[in-house]
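A.B. asks: Provided herewith: target_12.cif, mmCIF, C-alpha atoms.
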```
data_data
#
loop_
_atom_site.group_PDB
_atom_site.id
_atom_site.type_symbol
_atom_site.label_atom_id
_atom_site.label_comp_id
_atom_site.auth_asym_id
_atom_site.auth_seq_id
_atom_site.Cartn_x
_atom_site.Cartn_y
_atom_site.Cartn_z
ATOM 1 C CA MET A 1 59.656 -69.725 108.375
ATOM 2 C CA SER A 2 61.603 -67.040 110.180
ATOM 3 C CA SER A 3 62.141 -63.754 108.425
ATOM 4 C CA PRO A 4 65.256 -63.799 106.235
ATOM 5 C CA ALA A 5 68.012 -61.473 107.353
ATOM 6 C CA PHE A 6 68.910 -58.824 104.824
ATOM 7 C CA PRO A 7 71.794 -56.560 105.837
ATOM 8 C CA ALA A 8 70.956 -53.563 107.989
ATOM 9 C CA ARG A 9 70.929 -50.190 106.232
ATOM 10 C CA THR A 10 74.221 -48.349 106.590
ATOM 11 C CA THR A 11 75.083 -44.911 105.186
ATOM 12 C CA THR A 12 73.334 -43.018 102.406
ATOM 13 C CA ALA A 13 76.480 -43.279 100.268
ATOM 14 C CA GLU A 14 76.617 -47.055 100.701
ATOM 15 C CA VAL A 15 72.905 -47.472 100.108
ATOM 16 C CA GLU A 16 72.911 -45.331 96.970
ATOM 17 C CA LEU A 17 76.265 -46.099 95.390
ATOM 18 C CA GLY A 18 77.432 -49.281 97.092
ATOM 19 C CA THR A 19 77.255 -52.921 96.093
ATOM 20 C CA VAL A 20 75.512 -54.438 99.099
ATOM 21 C CA LEU A 21 71.833 -55.245 98.752
ATOM 22 C CA GLN A 22 70.252 -53.611 101.804
ATOM 23 C CA PRO A 23 66.586 -53.196 100.915
ATOM 24 C CA LYS A 24 64.375 -50.859 102.893
ATOM 25 C CA PHE A 25 61.179 -52.436 104.083
ATOM 26 C CA GLY A 26 58.550 -49.972 105.286
ATOM 27 C CA PRO A 27 56.980 -49.831 108.750
ATOM 28 C CA ASP A 28 54.548 -52.501 107.495
ATOM 29 C CA GLY A 29 57.481 -54.738 106.517
ATOM 30 C CA LEU A 30 56.812 -54.267 102.800
ATOM 31 C CA ILE A 31 58.757 -52.962 99.817
ATOM 32 C CA PRO A 32 57.080 -51.937 96.515
ATOM 33 C CA CYS A 33 57.886 -54.108 93.493
ATOM 34 C CA ILE A 34 57.516 -53.247 89.808
ATOM 35 C CA THR A 35 57.440 -56.200 87.424
ATOM 36 C CA GLN A 36 58.389 -55.763 83.806
ATOM 37 C CA ASP A 37 58.494 -58.102 80.804
ATOM 38 C CA ALA A 38 62.198 -58.906 80.347
ATOM 39 C CA THR A 39 61.902 -58.899 76.560
ATOM 40 C CA THR A 40 59.474 -56.133 75.678
ATOM 41 C CA GLY A 41 59.886 -53.842 78.691
ATOM 42 C CA GLU A 42 56.129 -53.747 79.213
ATOM 43 C CA VAL A 43 55.246 -53.055 82.835
ATOM 44 C CA LEU A 44 53.127 -56.018 83.854
ATOM 45 C CA MET A 45 52.142 -55.313 87.431
ATOM 46 C CA PHE A 46 52.897 -53.608 90.701
ATOM 47 C CA ALA A 47 52.780 -55.387 94.044
ATOM 48 C CA PHE A 48 54.503 -55.586 97.401
ATOM 49 C CA MET A 49 57.070 -57.934 98.884
ATOM 50 C CA ASN A 50 58.066 -58.636 102.443
ATOM 51 C CA ALA A 51 61.516 -60.000 103.320
ATOM 52 C CA GLU A 52 60.301 -63.575 102.912
ATOM 53 C CA SER A 53 58.873 -62.823 99.440
ATOM 54 C CA LEU A 54 62.088 -61.208 98.298
ATOM 55 C CA ALA A 55 64.219 -64.036 99.658
ATOM 56 C CA HIS A 56 61.922 -66.591 98.029
ATOM 57 C CA THR A 57 62.163 -64.722 94.716
ATOM 58 C CA LEU A 58 65.958 -64.602 94.943
ATOM 59 C CA ARG A 59 66.212 -68.283 95.819
ATOM 60 C CA THR A 60 63.670 -69.773 93.430
ATOM 61 C CA LYS A 61 63.732 -67.226 90.589
ATOM 62 C CA ARG A 62 59.932 -67.289 90.625
ATOM 63 C CA ALA A 63 58.343 -63.904 91.313
ATOM 64 C CA THR A 64 56.911 -64.082 94.810
ATOM 65 C CA TYR A 65 54.937 -61.267 96.381
ATOM 66 C CA TRP A 66 53.095 -60.595 99.605
ATOM 67 C CA SER A 67 49.346 -60.557 99.205
ATOM 68 C CA ARG A 68 48.006 -57.792 101.392
ATOM 69 C CA SER A 69 44.406 -58.867 100.802
ATOM 70 C CA ARG A 70 45.040 -62.503 101.691
ATOM 71 C CA ASN A 71 47.862 -61.749 104.146
ATOM 72 C CA LYS A 72 50.050 -64.531 102.792
ATOM 73 C CA LEU A 73 53.011 -65.313 100.588
ATOM 74 C CA TRP A 74 51.924 -65.202 96.961
ATOM 75 C CA VAL A 75 53.942 -67.209 94.448
ATOM 76 C CA LYS A 76 52.690 -65.629 91.236
ATOM 77 C CA GLY A 77 50.904 -68.180 89.085
ATOM 78 C CA GLU A 78 50.473 -70.801 91.766
ATOM 79 C CA GLU A 79 46.755 -70.730 91.078
ATOM 80 C CA SER A 80 46.487 -69.520 87.469
ATOM 81 C CA GLY A 81 49.627 -71.143 86.060
ATOM 82 C CA ASN A 82 50.917 -67.772 84.847
ATOM 83 C CA VAL A 83 54.256 -67.993 86.642
ATOM 84 C CA GLN A 84 56.914 -65.324 86.230
ATOM 85 C CA VAL A 85 60.478 -66.582 85.746
ATOM 86 C CA VAL A 86 62.823 -63.915 87.067
ATOM 87 C CA LYS A 87 65.636 -62.882 84.743
ATOM 88 C CA GLU A 88 66.962 -59.827 86.599
ATOM 89 C CA ILE A 89 66.389 -58.192 89.958
ATOM 90 C CA LEU A 90 67.186 -54.494 90.242
ATOM 91 C CA THR A 91 66.785 -51.926 92.957
ATOM 92 C CA ASP A 92 66.654 -48.148 92.869
ATOM 93 C CA CYS A 93 69.006 -45.503 94.209
ATOM 94 C CA ASP A 94 67.742 -45.587 97.760
ATOM 95 C CA GLN A 95 66.945 -49.297 97.681
ATOM 96 C CA ASP A 96 63.328 -48.876 98.676
ATOM 97 C CA VAL A 97 61.852 -50.300 95.457
ATOM 98 C CA ILE A 98 62.451 -53.625 93.673
ATOM 99 C CA LEU A 99 62.247 -54.044 89.889
ATOM 100 C CA LEU A 100 61.858 -57.539 88.478
ATOM 101 C CA LYS A 101 62.436 -58.390 84.831
ATOM 102 C CA VAL A 102 60.560 -61.583 84.090
ATOM 103 C CA ASP A 103 59.537 -64.057 81.461
ATOM 104 C CA GLN A 104 55.856 -64.614 81.906
ATOM 105 C CA SER A 105 54.916 -68.063 80.758
ATOM 106 C CA GLY A 106 51.922 -70.307 81.382
ATOM 107 C CA ALA A 107 48.890 -70.931 79.272
ATOM 108 C CA GLY A 108 47.469 -67.433 79.206
ATOM 109 C CA GLY A 109 50.636 -65.362 79.615
ATOM 110 C CA ALA A 110 48.608 -62.859 81.601
ATOM 111 C CA ALA A 111 49.803 -61.072 84.732
ATOM 112 C CA CYS A 112 46.426 -59.579 85.506
ATOM 113 C CA HIS A 113 43.585 -61.448 87.186
ATOM 114 C CA ASN A 114 41.258 -59.707 84.744
ATOM 115 C CA GLY A 115 42.816 -61.644 81.862
ATOM 116 C CA TYR A 116 45.173 -59.044 80.418
ATOM 117 C CA LYS A 117 48.902 -59.502 79.870
ATOM 118 C CA SER A 118 49.545 -56.381 81.954
ATOM 119 C CA CYS A 119 47.478 -54.843 84.740
ATOM 120 C CA PHE A 120 48.001 -51.520 82.927
ATOM 121 C CA TYR A 121 45.481 -52.167 80.170
ATOM 122 C CA ARG A 122 43.811 -48.750 80.237
ATOM 123 C CA LYS A 123 45.143 -45.302 79.461
ATOM 124 C CA VAL A 124 43.751 -41.825 79.893
ATOM 125 C CA ALA A 125 42.061 -40.770 76.660
ATOM 126 C CA GLY A 126 43.476 -37.670 75.096
ATOM 127 C CA ALA A 127 40.343 -35.780 74.187
ATOM 128 C CA ALA A 128 39.004 -35.080 77.667
ATOM 129 C CA ASP A 129 39.267 -31.717 79.339
ATOM 130 C CA ALA A 130 42.409 -32.049 81.431
ATOM 131 C CA ASP A 131 41.369 -29.105 83.563
ATOM 132 C CA ASP A 132 38.474 -31.107 84.920
ATOM 133 C CA PRO A 133 39.669 -34.365 86.515
ATOM 134 C CA ALA A 134 36.089 -35.603 86.758
ATOM 135 C CA SER A 135 35.758 -35.543 82.966
ATOM 136 C CA LEU A 136 38.692 -37.823 82.250
ATOM 137 C CA LYS A 137 37.976 -41.098 80.520
ATOM 138 C CA LEU A 138 39.971 -44.275 80.238
ATOM 139 C CA GLU A 139 40.277 -46.255 77.055
ATOM 140 C CA PHE A 140 41.358 -49.849 76.714
ATOM 141 C CA ALA A 141 44.876 -50.158 75.355
ATOM 142 C CA ALA A 142 45.177 -53.948 75.295
ATOM 143 C CA LYS A 143 43.139 -56.957 74.380
ATOM 144 C CA ARG A 144 41.993 -59.569 76.819
ATOM 145 C CA LEU A 145 43.887 -62.849 76.641
ATOM 146 C CA PHE A 146 41.456 -64.967 78.577
ATOM 147 C CA ASP A 147 38.223 -64.887 80.497
ATOM 148 C CA PRO A 148 39.102 -65.047 84.201
ATOM 149 C CA ALA A 149 36.027 -67.156 84.922
ATOM 150 C CA THR A 150 37.569 -70.077 83.025
ATOM 151 C CA VAL A 151 40.936 -69.950 84.819
ATOM 152 C CA TYR A 152 40.262 -69.240 88.466
ATOM 153 C CA LYS A 153 38.296 -71.865 90.272
ATOM 154 C CA LYS A 154 35.306 -70.817 92.278
ATOM 155 C CA LYS A 155 35.932 -71.116 96.007
ATOM 156 C CA MET B 1 45.359 -24.545 95.528
ATOM 157 C CA SER B 2 42.461 -26.687 96.624
ATOM 158 C CA SER B 3 42.702 -30.419 96.049
ATOM 159 C CA PRO B 4 41.377 -31.399 92.611
ATOM 160 C CA ALA B 5 38.247 -33.497 92.627
ATOM 161 C CA PHE B 6 38.676 -36.898 91.054
ATOM 162 C CA PRO B 7 35.511 -38.992 90.912
ATOM 163 C CA ALA B 8 34.669 -41.044 93.981
ATOM 164 C CA ARG B 9 35.330 -44.767 93.755
ATOM 165 C CA THR B 10 32.263 -46.751 92.759
ATOM 166 C CA THR B 11 31.990 -50.516 92.305
ATOM 167 C CA THR B 12 34.800 -53.020 91.805
ATOM 168 C CA ALA B 13 33.474 -53.793 88.325
ATOM 169 C CA GLU B 14 33.494 -50.123 87.341
ATOM 170 C CA VAL B 15 36.921 -49.514 88.869
ATOM 171 C CA GLU B 16 38.465 -52.543 87.172
ATOM 172 C CA LEU B 17 36.697 -52.684 83.833
ATOM 173 C CA GLY B 18 35.121 -49.262 83.440
ATOM 174 C CA THR B 19 36.200 -46.135 81.609
ATOM 175 C CA VAL B 20 36.067 -43.548 84.384
ATOM 176 C CA LEU B 21 39.352 -42.534 85.948
ATOM 177 C CA GLN B 22 38.764 -42.922 89.685
ATOM 178 C CA PRO B 23 42.209 -43.227 91.215
ATOM 179 C CA LYS B 24 42.661 -44.564 94.728
ATOM 180 C CA PHE B 25 44.760 -42.345 96.936
ATOM 181 C CA GLY B 26 45.967 -44.015 100.135
ATOM 182 C CA PRO B 27 45.278 -42.862 103.688
ATOM 183 C CA ASP B 28 48.248 -40.505 103.255
ATOM 184 C CA GLY B 29 46.637 -39.022 100.135
ATOM 185 C CA LEU B 30 49.230 -40.581 97.842
ATOM 186 C CA ILE B 31 49.210 -42.981 94.898
ATOM 187 C CA PRO B 32 52.340 -44.814 93.680
ATOM 188 C CA CYS B 33 53.614 -43.831 90.241
ATOM 189 C CA ILE B 34 55.923 -45.791 87.920
ATOM 190 C CA THR B 35 57.635 -43.776 85.215
ATOM 191 C CA GLN B 36 58.878 -45.449 82.071
ATOM 192 C CA ASP B 37 60.727 -44.217 78.991
ATOM 193 C CA ALA B 38 58.058 -43.994 76.281
ATOM 194 C CA THR B 39 60.453 -45.182 73.582
ATOM 195 C CA THR B 40 62.648 -47.822 75.181
ATOM 196 C CA GLY B 41 60.360 -49.035 77.961
ATOM 197 C CA GLU B 42 63.123 -48.568 80.520
ATOM 198 C CA VAL B 43 61.717 -47.974 83.994
ATOM 199 C CA LEU B 44 63.173 -44.624 85.011
ATOM 200 C CA MET B 45 61.887 -44.040 88.507
ATOM 201 C CA PHE B 46 59.242 -44.674 91.104
ATOM 202 C CA ALA B 47 57.613 -41.916 93.140
ATOM 203 C CA PHE B 48 54.319 -40.837 94.644
ATOM 204 C CA MET B 49 51.609 -38.417 93.554
ATOM 205 C CA ASN B 50 48.859 -36.709 95.464
ATOM 206 C CA ALA B 51 45.691 -35.492 93.745
ATOM 207 C CA GLU B 52 47.277 -32.150 92.969
ATOM 208 C CA SER B 53 50.341 -33.827 91.385
ATOM 209 C CA LEU B 54 48.202 -36.050 89.220
ATOM 210 C CA ALA B 55 45.958 -33.164 88.126
ATOM 211 C CA HIS B 56 49.050 -31.051 87.380
ATOM 212 C CA THR B 57 50.536 -33.898 85.328
ATOM 213 C CA LEU B 58 47.293 -34.323 83.381
ATOM 214 C CA ARG B 59 46.965 -30.611 82.726
ATOM 215 C CA THR B 60 50.572 -29.729 81.868
ATOM 216 C CA LYS B 61 51.854 -33.045 80.493
ATOM 217 C CA ARG B 62 54.935 -32.569 82.660
ATOM 218 C CA ALA B 63 55.513 -35.370 85.178
ATOM 219 C CA THR B 64 54.709 -33.935 88.587
ATOM 220 C CA TYR B 65 55.136 -35.871 91.799
ATOM 221 C CA TRP B 66 54.737 -35.273 95.503
ATOM 222 C CA SER B 67 58.027 -35.055 97.321
ATOM 223 C CA ARG B 68 57.600 -36.810 100.631
ATOM 224 C CA SER B 69 60.983 -35.626 101.871
ATOM 225 C CA ARG B 70 60.331 -31.974 101.038
ATOM 226 C CA ASN B 71 56.561 -32.183 101.549
ATOM 227 C CA LYS B 72 55.820 -30.238 98.392
ATOM 228 C CA LEU B 73 54.737 -30.512 94.781
ATOM 229 C CA TRP B 74 57.660 -31.687 92.679
ATOM 230 C CA VAL B 75 57.664 -30.804 88.990
ATOM 231 C CA LYS B 76 60.342 -33.178 87.766
ATOM 232 C CA GLY B 77 63.279 -31.286 86.324
ATOM 233 C CA GLU B 78 62.369 -27.898 87.777
ATOM 234 C CA GLU B 79 65.805 -27.829 89.393
ATOM 235 C CA SER B 80 67.932 -30.090 87.198
ATOM 236 C CA GLY B 81 66.355 -29.345 83.819
ATOM 237 C CA ASN B 82 65.637 -33.034 83.261
ATOM 238 C CA VAL B 83 61.927 -32.593 82.631
ATOM 239 C CA GLN B 84 59.710 -35.509 81.670
ATOM 240 C CA VAL B 85 57.199 -34.862 78.883
ATOM 241 C CA VAL B 86 54.261 -37.183 79.405
ATOM 242 C CA LYS B 87 53.161 -39.207 76.380
ATOM 243 C CA GLU B 88 50.701 -41.618 78.014
ATOM 244 C CA ILE B 89 49.098 -42.012 81.426
ATOM 245 C CA LEU B 90 47.902 -45.479 82.364
ATOM 246 C CA THR B 91 46.435 -46.991 85.478
ATOM 247 C CA ASP B 92 46.203 -50.554 86.704
ATOM 248 C CA CYS B 93 43.254 -52.870 87.224
ATOM 249 C CA ASP B 94 42.265 -51.516 90.630
ATOM 250 C CA GLN B 95 43.341 -47.955 89.810
ATOM 251 C CA ASP B 96 45.696 -47.655 92.760
ATOM 252 C CA VAL B 97 48.874 -47.196 90.696
ATOM 253 C CA ILE B 98 49.730 -44.711 87.942
ATOM 254 C CA LEU B 99 52.087 -45.507 85.047
ATOM 255 C CA LEU B 100 53.580 -42.636 83.072
ATOM 256 C CA LYS B 101 55.270 -43.068 79.698
ATOM 257 C CA VAL B 102 57.550 -40.097 79.183
ATOM 258 C CA ASP B 103 60.142 -38.519 76.980
ATOM 259 C CA GLN B 104 62.940 -37.460 79.224
ATOM 260 C CA SER B 105 64.698 -34.476 77.782
ATOM 261 C CA GLY B 106 67.028 -31.872 79.248
ATOM 262 C CA ALA B 107 70.771 -31.611 79.227
ATOM 263 C CA GLY B 108 71.626 -34.820 81.045
ATOM 264 C CA GLY B 109 68.605 -36.952 80.217
ATOM 265 C CA ALA B 110 68.874 -38.459 83.670
ATOM 266 C CA ALA B 111 65.919 -39.254 85.936
ATOM 267 C CA CYS B 112 68.107 -40.065 88.933
ATOM 268 C CA HIS B 113 69.660 -37.472 91.215
ATOM 269 C CA ASN B 114 72.753 -39.664 91.229
ATOM 270 C CA GLY B 115 73.318 -38.914 87.541
ATOM 271 C CA TYR B 116 71.952 -42.069 85.943
ATOM 272 C CA LYS B 117 69.259 -42.214 83.266
ATOM 273 C CA SER B 118 67.224 -44.542 85.497
ATOM 274 C CA CYS B 119 67.171 -44.876 89.271
ATOM 275 C CA PHE B 120 67.414 -48.628 88.677
ATOM 276 C CA TYR B 121 71.107 -48.676 87.811
ATOM 277 C CA ARG B 122 72.077 -51.690 89.893
ATOM 278 C CA LYS B 123 71.065 -55.322 89.664
ATOM 279 C CA VAL B 124 71.608 -58.307 91.904
ATOM 280 C CA ALA B 125 74.710 -60.172 90.750
ATOM 281 C CA GLY B 126 74.107 -63.743 89.762
ATOM 282 C CA ALA B 127 76.980 -65.509 91.454
ATOM 283 C CA ALA B 128 76.060 -64.897 95.074
ATOM 284 C CA ASP B 129 74.530 -67.554 97.274
ATOM 285 C CA ALA B 130 70.827 -66.873 96.977
ATOM 286 C CA ASP B 131 70.136 -68.863 100.135
ATOM 287 C CA ASP B 132 71.961 -66.228 102.173
ATOM 288 C CA PRO B 133 70.412 -62.766 101.648
ATOM 289 C CA ALA B 134 73.336 -61.161 103.453
ATOM 290 C CA SER B 135 75.744 -62.401 100.781
ATOM 291 C CA LEU B 136 73.988 -60.782 97.839
ATOM 292 C CA LYS B 137 75.901 -58.191 95.874
ATOM 293 C CA LEU B 138 74.752 -55.489 93.528
ATOM 294 C CA GLU B 139 76.524 -54.710 90.284
ATOM 295 C CA PHE B 140 76.188 -51.531 88.257
ATOM 296 C CA ALA B 141 74.125 -52.052 85.128
ATOM 297 C CA ALA B 142 74.320 -48.522 83.712
ATOM 298 C CA LYS B 143 76.848 -45.804 83.184
ATOM 299 C CA ARG B 144 76.654 -42.435 84.857
ATOM 300 C CA LEU B 145 75.532 -39.591 82.575
ATOM 301 C CA PHE B 146 76.652 -36.713 84.765
ATOM 302 C CA ASP B 147 78.209 -35.842 88.087
ATOM 303 C CA PRO B 148 75.392 -34.595 90.344
ATOM 304 C CA ALA B 149 77.733 -32.067 91.966
ATOM 305 C CA THR B 150 77.834 -30.081 88.731
ATOM 306 C CA VAL B 151 74.075 -29.996 88.209
ATOM 307 C CA TYR B 152 72.464 -29.408 91.579
ATOM 308 C CA LYS B 153 73.338 -26.148 93.211
ATOM 309 C CA LYS B 154 74.471 -26.205 96.796
ATOM 310 C CA LYS B 155 71.933 -24.736 99.178
#
```
Take the structure from the file and write it as structure tokens.

C.D. replies:
Amino acid sequence: MSSPAFPARTTTAEVELGTVLQPKFGPDGLIPCITQDATTGEVLMFAFMNAESLAHTLRTKRATYWSRSRNKLWVKGEESGNVQVVKEILTDCDQDVILLKVDQSGAGGAACHNGYKSCFYRKVAGAADADDPASLKLEFAAKRLFDPATVYKKK
Amino acid sequence: MSSPAFPARTTTAEVELGTVLQPKFGPDGLIPCITQDATTGEVLMFAFMNAESLAHTLRTKRATYWSRSRNKLWVKGEESGNVQVVKEILTDCDQDVILLKVDQSGAGGAACHNGYKSCFYRKVAGAADADDPASLKLEFAAKRLFDPATVYKKK
């Protein structure tokens, strides 16, 4: 598939306050994407898209990323069943970030390969000495929805 | 100021399921940061941190980024007054993204230099032909809180 043609970037005023989608892909061809639960607002994950991923997301309304580790198009849930149905697609002021609001369905309802609804399942604990970064601890802020070993097939 | 020492990355298991904060800074020394309203869940902005920004955020509980355009530490609101008081700091499964939950105070309550509460003030309109990326239009999904010309001083 050839790379989909998004409009070329024009002026700062048009990029920031205009109504034409003209996303900025980096030198590596990628744009960062934040994915949020459309109902609760919970941030589920962060990934990257290339032009093909973004076009595929727009066309199919299924969140589609670019896997940097596997170097391929990554239709979320194609393996685990935890697809993300896209409800809204936003971009930021300078159009160099994408924000997806999704309904995350599928058996587990988990975005994270570790079996959590959100990849952000740990937070910095409050009691540590903030002056010493090496002393900071994480605590789990979510419960695991499934055991990854039972969902992802061994390869 | 010397760069703060965060722990070195250890094993995948410890990074993903452990309780030591060992953030991954990229080759450019930066880690992506998503900032979300602690109360409403609205995604306010996306920026980058270096080790000094993250340590400053942890120590002061004021969201502090690294400005790539100005190549300097960026304490959010130092110019506009729209500071972000950090309520929670989370990281994702592979600890290469930071998520801040903040209370955004200050006169305007706007995260965006264009005068909107969130930088994500536009969404892709539904009626366009999704098969043709060049036809996609953005529509404004938020109202402007202030006119930037009255807040930022000319330099």

A.B. asks: Have a look at CA of Leu73 in chain B and CA of Val15 in chain A and let me know their distance in Å, one decimal.

C.D. replies: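 One can read the CA of Leu73 in chain B to CA of Val15 in chain A distance as 25.4 Å.
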
A.B. asks: Gln36 in chain A: which residues within 10 Å, counting only C-alpha atoms, same-chain residues fewer than 6 positions away excluded, as a PyMOL selection string?

C.D. replies: (chain A and resi 42-46+84+86+88+99-104+118) or (chain B and resi 41-43)

A.B. asks: Select, from B:Phe120, B:Ala5, B:Val75, B:Ala110, the residue with the minimum atom-to-atom distance to Thr60 in chain B, counting all atoms listed in the file.

C.D. replies: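 For Thr60 in chain B, the nearest of the candidates is B:Val75.
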
A.B. asks: Nearest residue to Cys112 in chain A out of B:Gly126, B:Asp94, B:Glu139, B:Ala38, using all atoms listed in the file?

C.D. replies: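 The closest residue to Cys112 in chain A is B:Asp94.
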
A.B. asks: Kindly assemble as a Markdown table a list of the chain A residues that lie within 8 Å of chain B, each paired with its nearest atom pair and their distance in Å to one decimal, using all atoms listed in the file, sorted first by chain and then by ascending residue number.

C.D. replies:
```
| residue | atom | partner | partner_atom | distance |
| --- | --- | --- | --- | --- |
| A:Pro4 | CA | B:Pro133 | CA | 7.0 |
| A:Ala5 | CA | B:Pro133 | CA | 6.3 |
| A:Phe6 | CA | B:Ala134 | CA | 5.2 |
| A:Pro7 | CA | B:Ala134 | CA | 5.4 |
| A:Gly18 | CA | B:Leu138 | CA | 7.6 |
| A:Thr19 | CA | B:Leu138 | CA | 4.4 |
| A:Val20 | CA | B:Lys137 | CA | 5.0 |
| A:Leu21 | CA | B:Lys137 | CA | 5.8 |
| A:Ile34 | CA | B:Ile34 | CA | 7.9 |
| A:Thr40 | CA | B:Gly41 | CA | 7.5 |
| A:Gly41 | CA | B:Gly41 | CA | 4.9 |
| A:Glu42 | CA | B:Gly41 | CA | 6.5 |
| A:Met45 | CA | B:Asp92 | CA | 7.6 |
| A:Phe46 | CA | B:Val97 | CA | 7.6 |
| A:Ala55 | CA | B:Pro133 | CA | 6.6 |
| A:Leu58 | CA | B:Ala130 | CA | 5.7 |
| A:Arg59 | CA | B:Ala130 | CA | 5.0 |
| A:Glu88 | CA | B:Lys123 | CA | 6.8 |
| A:Ile89 | CA | B:Lys123 | CA | 5.5 |
| A:Leu90 | CA | B:Lys123 | CA | 4.0 |
| A:Thr91 | CA | B:Phe120 | CA | 5.4 |
| A:Asp92 | CA | B:Phe120 | CA | 4.3 |
| A:Cys93 | CA | B:Cys119 | CA | 5.3 |
| A:Val97 | CA | B:Phe46 | CA | 7.6 |
| A:Leu99 | CA | B:Phe120 | CA | 7.6 |
| A:Cys112 | CA | B:Cys93 | CA | 7.6 |
| A:Asn114 | CA | B:Cys93 | CA | 7.5 |
| A:Cys119 | CA | B:Asp92 | CA | 4.9 |
| A:Phe120 | CA | B:Asp92 | CA | 4.3 |
| A:Tyr121 | CA | B:Asp92 | CA | 6.8 |
| A:Arg122 | CA | B:Leu90 | CA | 5.7 |
| A:Lys123 | CA | B:Leu90 | CA | 4.0 |
| A:Val124 | CA | B:Ile89 | CA | 5.6 |
| A:Ala130 | CA | B:Arg59 | CA | 4.9 |
| A:Asp131 | CA | B:Arg59 | CA | 5.9 |
| A:Pro133 | CA | B:Phe6 | CA | 5.3 |
| A:Ala134 | CA | B:Phe6 | CA | 5.2 |
| A:Leu136 | CA | B:Leu21 | CA | 6.0 |
| A:Lys137 | CA | B:Val20 | CA | 5.0 |
| A:Leu138 | CA | B:Thr19 | CA | 4.4 |
| A:Glu139 | CA | B:Thr19 | CA | 6.1 |
```
